[in-house]
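Structure below is start_6.txt: compact mmCIF, C-alpha atoms and all ligand atoms.
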# COMPACT_ATOMS: atom_id res chain seq x y z
CA MET A 118 0.72 44.75 -20.34
CA THR A 119 -2.24 44.19 -18.00
CA MET A 120 -3.78 40.74 -17.53
CA LEU A 121 -7.37 39.93 -16.80
CA ASN A 122 -8.79 36.51 -16.03
CA LEU A 123 -12.51 36.07 -16.64
CA ARG A 124 -13.82 32.57 -15.87
CA GLY A 125 -10.46 31.08 -16.84
CA VAL A 126 -10.27 33.04 -20.11
CA GLU A 127 -6.96 34.92 -19.97
CA ILE A 128 -7.03 38.38 -21.55
CA ARG A 129 -3.69 40.10 -22.15
CA LYS A 130 -4.53 43.75 -22.73
CA GLY A 131 -2.02 45.53 -24.95
CA ALA A 132 0.07 42.41 -25.57
CA LEU A 133 1.21 43.82 -28.94
CA ASP A 134 2.31 47.43 -29.36
CA GLY A 135 1.46 49.54 -32.41
CA PRO A 136 4.54 48.61 -34.47
CA ALA A 137 4.03 44.88 -33.78
CA GLN A 138 0.38 45.20 -34.87
CA ALA A 139 1.45 46.98 -38.07
CA ARG A 140 3.98 44.21 -38.81
CA LEU A 141 1.27 41.58 -38.43
CA ILE A 142 -1.04 43.47 -40.79
CA GLU A 143 1.80 43.54 -43.35
CA ALA A 144 2.36 39.79 -42.88
CA LEU A 145 -1.37 39.14 -43.37
CA ARG A 146 -1.68 41.18 -46.56
CA PRO A 147 -0.35 38.41 -48.89
CA VAL A 148 -2.41 35.81 -47.00
CA LEU A 149 -5.63 37.74 -47.66
CA LYS A 150 -4.61 38.17 -51.29
CA ALA A 151 -4.00 34.41 -51.74
CA ALA A 152 -7.09 33.38 -49.76
CA PRO A 153 -9.69 36.15 -50.03
CA LEU A 154 -12.26 36.66 -47.29
CA PHE A 155 -15.56 34.93 -48.06
CA THR A 156 -19.01 35.04 -46.47
CA PRO A 157 -19.71 31.70 -44.79
CA THR A 158 -23.25 30.40 -44.47
CA MET A 159 -24.77 28.42 -41.64
CA PRO A 160 -25.85 24.86 -42.44
CA ASN A 161 -29.42 26.31 -42.75
CA GLY A 162 -28.22 28.62 -45.54
CA LYS A 163 -28.19 31.84 -43.49
CA PRO A 164 -25.07 33.97 -44.10
CA LEU A 165 -22.84 35.01 -41.21
CA SER A 166 -22.16 38.75 -40.83
CA VAL A 167 -18.47 38.00 -40.24
CA ARG A 168 -16.33 37.31 -43.30
CA MET A 169 -13.62 34.64 -42.95
CA THR A 170 -10.60 32.97 -44.38
CA SER A 171 -7.77 30.82 -42.98
CA ALA A 172 -4.06 30.13 -43.17
CA GLY A 173 -2.27 26.87 -42.44
CA PRO A 174 -2.81 23.19 -43.36
CA LEU A 175 -6.46 23.41 -42.25
CA GLY A 176 -9.10 26.13 -42.41
CA TRP A 177 -12.51 26.31 -40.81
CA VAL A 178 -15.53 26.58 -43.08
CA THR A 179 -19.29 26.40 -42.76
CA ASP A 180 -21.78 25.97 -45.59
CA LYS A 181 -24.83 23.84 -46.38
CA GLY A 182 -22.63 20.79 -45.74
CA GLY A 183 -22.05 21.83 -42.11
CA TYR A 184 -19.11 23.09 -40.01
CA ARG A 185 -15.69 21.54 -40.54
CA TYR A 186 -11.97 21.97 -40.95
CA GLN A 187 -10.73 21.33 -44.50
CA PRO A 188 -7.42 21.78 -46.41
CA THR A 189 -8.86 24.10 -49.07
CA HIS A 190 -10.53 27.50 -49.45
CA PRO A 191 -14.14 27.31 -50.78
CA LYS A 192 -12.73 28.36 -54.18
CA GLY A 193 -10.58 25.20 -54.20
CA MET A 194 -7.00 26.32 -53.53
CA ALA A 195 -4.91 25.25 -50.55
CA TRP A 196 -4.80 27.81 -47.72
CA PRO A 197 -1.60 29.89 -47.59
CA ALA A 198 0.97 29.22 -44.86
CA ILE A 199 0.63 30.81 -41.43
CA PRO A 200 3.10 33.74 -41.36
CA PRO A 201 6.14 33.23 -39.07
CA GLU A 202 5.21 36.35 -37.05
CA VAL A 203 1.88 34.68 -36.19
CA LEU A 204 3.54 31.35 -35.29
CA ASP A 205 5.96 33.24 -33.00
CA LEU A 206 2.99 34.72 -31.17
CA TRP A 207 1.52 31.22 -30.57
CA HIS A 208 4.79 29.76 -29.28
CA GLY A 209 5.49 32.81 -27.11
CA VAL A 210 2.04 32.78 -25.52
CA THR A 211 1.46 29.02 -25.10
CA GLY A 212 4.98 27.72 -24.59
CA GLN A 213 4.00 24.76 -26.79
CA ASP A 214 6.55 23.17 -29.14
CA ARG A 215 3.82 22.05 -31.54
CA ALA A 216 2.71 24.60 -34.11
CA PRO A 217 -0.95 25.37 -34.73
CA ASP A 218 -2.37 23.93 -37.95
CA CYS A 219 -5.10 26.55 -38.36
CA CYS A 220 -5.14 30.31 -38.23
CA LEU A 221 -8.76 31.36 -38.70
CA ILE A 222 -9.07 34.98 -39.79
CA ASN A 223 -12.39 36.67 -38.98
CA TYR A 224 -13.18 40.10 -40.41
CA TYR A 225 -15.85 42.25 -38.77
CA GLY A 226 -17.12 45.11 -40.91
CA GLU A 227 -19.72 47.62 -39.74
CA GLY A 228 -22.57 45.81 -37.95
CA ALA A 229 -20.91 42.39 -37.92
CA ARG A 230 -21.25 40.21 -34.83
CA MET A 231 -20.77 36.62 -33.72
CA GLY A 232 -23.39 34.88 -31.63
CA LEU A 233 -22.58 32.88 -28.49
CA HIS A 234 -21.08 29.52 -29.44
CA GLN A 235 -18.61 26.88 -28.29
CA ASP A 236 -15.52 25.91 -30.27
CA ARG A 237 -15.62 22.15 -30.46
CA ASP A 238 -14.88 21.17 -34.04
CA GLU A 239 -11.22 20.48 -33.22
CA ALA A 240 -10.09 16.85 -32.95
CA ASP A 241 -8.42 17.33 -29.53
CA LEU A 242 -10.07 19.93 -27.29
CA ASN A 243 -7.13 19.88 -24.87
CA TRP A 244 -5.03 22.22 -27.02
CA PRO A 245 -5.40 25.90 -26.16
CA VAL A 246 -6.80 28.52 -28.53
CA VAL A 247 -5.01 31.86 -28.90
CA SER A 248 -6.80 34.92 -30.29
CA LEU A 249 -5.37 38.24 -31.47
CA SER A 250 -7.52 41.33 -32.04
CA LEU A 251 -6.47 43.88 -34.69
CA GLY A 252 -8.32 47.06 -35.61
CA ASP A 253 -11.63 48.24 -34.20
CA ASP A 254 -12.72 47.59 -30.60
CA ALA A 255 -15.06 44.64 -30.00
CA LEU A 256 -17.41 43.78 -27.15
CA PHE A 257 -16.52 40.20 -26.18
CA ARG A 258 -19.05 38.18 -24.17
CA ILE A 259 -18.09 35.20 -22.03
CA GLY A 260 -20.69 32.73 -20.76
CA ASN A 261 -20.51 29.28 -19.25
CA THR A 262 -19.56 25.77 -20.38
CA SER A 263 -23.26 25.03 -20.98
CA ARG A 264 -25.84 27.26 -22.66
CA GLY A 265 -27.58 29.94 -20.58
CA GLY A 266 -26.71 31.54 -17.25
CA LYS A 267 -25.02 34.83 -16.49
CA THR A 268 -22.44 36.27 -18.84
CA GLU A 269 -19.65 38.83 -18.49
CA SER A 270 -18.45 41.23 -21.15
CA VAL A 271 -15.17 42.97 -21.83
CA TRP A 272 -13.99 45.27 -24.62
CA LEU A 273 -11.15 43.86 -26.72
CA ASN A 274 -8.87 46.46 -28.28
CA SER A 275 -6.33 46.19 -31.06
CA GLY A 276 -3.25 44.33 -29.81
CA ASP A 277 -5.09 42.35 -27.12
CA VAL A 278 -4.41 38.61 -26.95
CA VAL A 279 -6.88 36.10 -25.47
CA VAL A 280 -5.82 32.60 -24.38
CA MET A 281 -8.36 29.85 -23.76
CA GLY A 282 -7.05 26.69 -22.17
CA GLY A 283 -8.14 24.11 -19.62
CA PRO A 284 -11.82 24.14 -18.66
CA ALA A 285 -12.26 27.62 -20.24
CA ARG A 286 -11.63 26.04 -23.63
CA LEU A 287 -15.30 24.96 -23.75
CA ILE A 288 -16.87 28.22 -22.60
CA TYR A 289 -19.60 29.84 -24.71
CA HIS A 290 -18.36 33.12 -26.15
CA GLY A 291 -19.19 35.65 -28.84
CA ILE A 292 -18.79 39.20 -30.13
CA ASP A 293 -21.86 41.41 -29.57
CA ARG A 294 -20.70 44.37 -31.63
CA ILE A 295 -17.73 46.35 -32.78
CA ARG A 296 -17.09 50.09 -32.53
CA PHE A 297 -16.67 50.65 -36.26
CA GLY A 298 -14.10 53.35 -36.95
CA SER A 299 -12.50 53.23 -33.47
CA SER A 300 -9.07 52.24 -34.86
CA ARG A 301 -7.05 53.41 -37.85
CA LEU A 302 -4.98 50.22 -38.12
CA LEU A 303 -6.95 48.88 -41.10
CA PRO A 304 -7.31 51.31 -44.01
CA LYS A 305 -10.95 50.28 -44.61
CA GLY A 306 -11.78 50.07 -40.90
CA GLY A 307 -13.28 47.10 -39.14
CA ARG A 308 -11.71 44.38 -37.07
CA LEU A 309 -9.57 41.36 -37.87
CA ASN A 310 -9.43 38.56 -35.33
CA LEU A 311 -6.97 35.71 -35.66
CA THR A 312 -7.59 32.46 -33.79
CA LEU A 313 -4.77 29.94 -33.66
CA ARG A 314 -5.61 26.31 -33.05
CA VAL A 315 -4.42 22.76 -33.28
CA ALA A 316 -7.47 21.58 -35.20
CA GLY A 317 -6.53 18.28 -36.82
C1 LIG B 401 -13.20 31.44 -25.53
N1 LIG B 401 -13.85 34.37 -32.53
O1 LIG B 401 -13.38 32.32 -34.23
S1 LIG B 401 -11.88 35.29 -30.29
C2 LIG B 401 -14.03 32.07 -33.18
O2 LIG B 401 -13.33 37.74 -31.90
C3 LIG B 401 -14.34 33.18 -32.25
O3 LIG B 401 -13.61 36.65 -33.75
C4 LIG B 401 -14.16 35.55 -31.75
O4 LIG B 401 -15.02 32.98 -31.31
C5 LIG B 401 -13.65 36.73 -32.51
O5 LIG B 401 -14.41 30.95 -32.86
C6 LIG B 401 -13.62 35.48 -30.36
C7 LIG B 401 -11.66 34.80 -28.64
C8 LIG B 401 -12.00 33.39 -28.37
C9 LIG B 401 -11.76 32.38 -29.29
C10 LIG B 401 -11.99 31.05 -28.95
C11 LIG B 401 -12.46 30.72 -27.69
C12 LIG B 401 -12.50 33.07 -27.15
C13 LIG B 401 -12.73 31.75 -26.79
C14 LIG B 401 -12.66 29.40 -27.30
C15 LIG B 401 -13.11 29.11 -26.04
C16 LIG B 401 -13.40 30.14 -25.15
FE FE B 402 -15.22 30.84 -31.03
Could I get this file's structure written as structure tokens?
Amino acid sequence: MTMLNLRGVEIRKGALDGPAQARLIEALRPVLKAAPLFTPTMPNGKPLSVRMTSAGPLGWVTDKGGYRYQPTHPKGMAWPAIPPEVLDLWHGVTGQDRAPDCCLINYYGEGARMGLHQDRDEADLNWPVVSLSLGDDALFRIGNTSRGGKTESVWLNSGDVVVMGGPARLIYHGIDRIRFGSSRLLPKGGRLNLTLRVAG
């Protein structure tokens, strides 16, 4: 495994091998069945290109009511539990005893992207965020703790883990594009990104 540190954002290239990635996809299958991906909309009504769902006591949603963490899927049911394989990843990477209460699942189909933003909807911003990339390659952009200024980009591949802690926790970041069809991990192509957080 090779490690890269960009502005305090720790990128663990190849943290999960092929079989471990396949096991995670299997573990996520019932989660996606219980809590189907939906298309979130910005508070202004504009849809995001990324589809989302969550696992755990809290999930992140955005709609005309704004951005927030809530205990239910937009269709009304509780989010499914975070699979043990995913919790193991969090504990292994962070060394924290406390479990995350949110696993946000982002799905990038062809042409999907995520604009530069900060993650600051969590109650305590001192907890780290752990991200796992599965499927197609994605061009990840890292900026600064305030808007504007120079940015740096790095390709994230399937099996890469990103850890954001300390001052890097408040860095602007986004996904410019994916290389649709670059991986065969997901039968329909695209990219799944899991972000693990202590949100509540
Ligand atoms: C750097 N997701 O869900 S994951 C998000 O690939 C999000 O779907 C992207 O940004 C994705 O909020 C990027 C890597 C990541 C996640 C959170 C961060 C990088 C971060 C928080 C602070 C700094
Ligand atoms: Fe983010």
Which residues are near ligand LIG 401 (chain B) - at most 9 Å, using only C-alpha atoms and all ligand atoms? Format: as number ranges by chain. A: 125-126, 167, 177, 221-225, 230-237, 245-250, 255-260, 262, 273, 278-282, 284-292, 308-314
Given the selection you just returned, output its residues as a file containing C-alpha atoms, formatted as a short mmCIF file (atom, residue, chain, number, x, y, z; two decimals), in the coordinates of the input.
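File written: out16.cif
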data_model
loop_
_atom_site.label_atom_id
_atom_site.label_comp_id
_atom_site.auth_asym_id
_atom_site.auth_seq_id
_atom_site.Cartn_x
_atom_site.Cartn_y
_atom_site.Cartn_z
CA GLY A 125 -10.46 31.08 -16.84
CA VAL A 126 -10.27 33.04 -20.11
CA VAL A 167 -18.47 38.00 -40.24
CA TRP A 177 -12.51 26.31 -40.81
CA LEU A 221 -8.76 31.36 -38.70
CA ILE A 222 -9.07 34.98 -39.79
CA ASN A 223 -12.39 36.67 -38.98
CA TYR A 224 -13.18 40.10 -40.41
CA TYR A 225 -15.85 42.25 -38.77
CA ARG A 230 -21.25 40.21 -34.83
CA MET A 231 -20.77 36.62 -33.72
CA GLY A 232 -23.39 34.88 -31.63
CA LEU A 233 -22.58 32.88 -28.49
CA HIS A 234 -21.08 29.52 -29.44
CA GLN A 235 -18.61 26.88 -28.29
CA ASP A 236 -15.52 25.91 -30.27
CA ARG A 237 -15.62 22.15 -30.46
CA PRO A 245 -5.40 25.90 -26.16
CA VAL A 246 -6.80 28.52 -28.53
CA VAL A 247 -5.01 31.86 -28.90
CA SER A 248 -6.80 34.92 -30.29
CA LEU A 249 -5.37 38.24 -31.47
CA SER A 250 -7.52 41.33 -32.04
CA ALA A 255 -15.06 44.64 -30.00
CA LEU A 256 -17.41 43.78 -27.15
CA PHE A 257 -16.52 40.20 -26.18
CA ARG A 258 -19.05 38.18 -24.17
CA ILE A 259 -18.09 35.20 -22.03
CA GLY A 260 -20.69 32.73 -20.76
CA THR A 262 -19.56 25.77 -20.38
CA LEU A 273 -11.15 43.86 -26.72
CA VAL A 278 -4.41 38.61 -26.95
CA VAL A 279 -6.88 36.10 -25.47
CA VAL A 280 -5.82 32.60 -24.38
CA MET A 281 -8.36 29.85 -23.76
CA GLY A 282 -7.05 26.69 -22.17
CA PRO A 284 -11.82 24.14 -18.66
CA ALA A 285 -12.26 27.62 -20.24
CA ARG A 286 -11.63 26.04 -23.63
CA LEU A 287 -15.30 24.96 -23.75
CA ILE A 288 -16.87 28.22 -22.60
CA TYR A 289 -19.60 29.84 -24.71
CA HIS A 290 -18.36 33.12 -26.15
CA GLY A 291 -19.19 35.65 -28.84
CA ILE A 292 -18.79 39.20 -30.13
CA ARG A 308 -11.71 44.38 -37.07
CA LEU A 309 -9.57 41.36 -37.87
CA ASN A 310 -9.43 38.56 -35.33
CA LEU A 311 -6.97 35.71 -35.66
CA THR A 312 -7.59 32.46 -33.79
CA LEU A 313 -4.77 29.94 -33.66
CA ARG A 314 -5.61 26.31 -33.05
#
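Atom pair CA of Glu239 in chain A / atom FE of ligand FE 402 (chain B) has a distance of 11.3 Å (rounded to one decimal).
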Nearest to Leu149 in chain A by atom-to-atom distance, counting all atoms listed in the file, from A:Pro174, A:Gly182, A:Pro200, A:Arg129: A:Pro200
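Computed from the coordinates, the CA of Gly265 in chain A to CA of Asp238 in chain A distance equals 20.5 Å.
Once Asn274 in chain A and its same-chain neighbours fewer than 6 positions away are set aside, A:Lys130, A:Gly131, A:Ser250, A:Leu251, A:Gly252, A:Asp253, A:Asp254, A:Ala255, A:Ser300 remain within 9 Å of it when counting all atoms listed in the file.
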How big is the axis-aligned box around the listed atoms of range 287-295 of chain A once 3 Å is added on each side, and where is its centre? Give both in Å to one decimal, as AutoDock Vina command-line options.
--center_x -18.6 --center_y 35.7 --center_z -27.7 --size_x 12.6 --size_y 27.4 --size_z 16.2
Out of A:Gly173, A:Asn243, A:Ser270, A:Ala132, which residue has the shortest atom-to-atom distance to Ala216 in chain A when counting all atoms listed in the file? A:Gly173
I want to know what sits within 9 Å of Asp134 in chain A, based on all atoms listed in the file, with residues of the same chain fewer than 3 positions away left out; could you give that as a PyMOL selection string? chain A and resi 131+137-139+275-276
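Between CA of Gly176 in chain A and CA of Cys219 in chain A the separation is 5.7 Å.
With distances restricted to all atoms listed in the file, A:Ala198 is the closest residue to Pro147 in chain A from A:Ala240, A:Met118, A:Val178, A:Ala198.
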Arg215 in chain A proximity check over A:Ala316, A:Asp293, A:Pro197, A:Val148, using all atoms listed in the file: winner is A:Ala316
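Counting only C-alpha atoms, the residue from A:Ala195, A:Val210, A:Val315, A:Val271 that sits nearest to Asp241 in chain A is A:Val315.
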Can you tell me, as an MDAnalysis selection string, which residues sit within 9 Å of (-28.6, 23.9, -43.6) in the file's frame, using all atoms listed in the file? chainID A and resid 158:163 180:183
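The nearest approach to Gly193 in chain A among the residues A:Asn261, A:Gly317, A:Ala151, A:Leu165, with all atoms listed in the file taken into account, belongs to A:Ala151.
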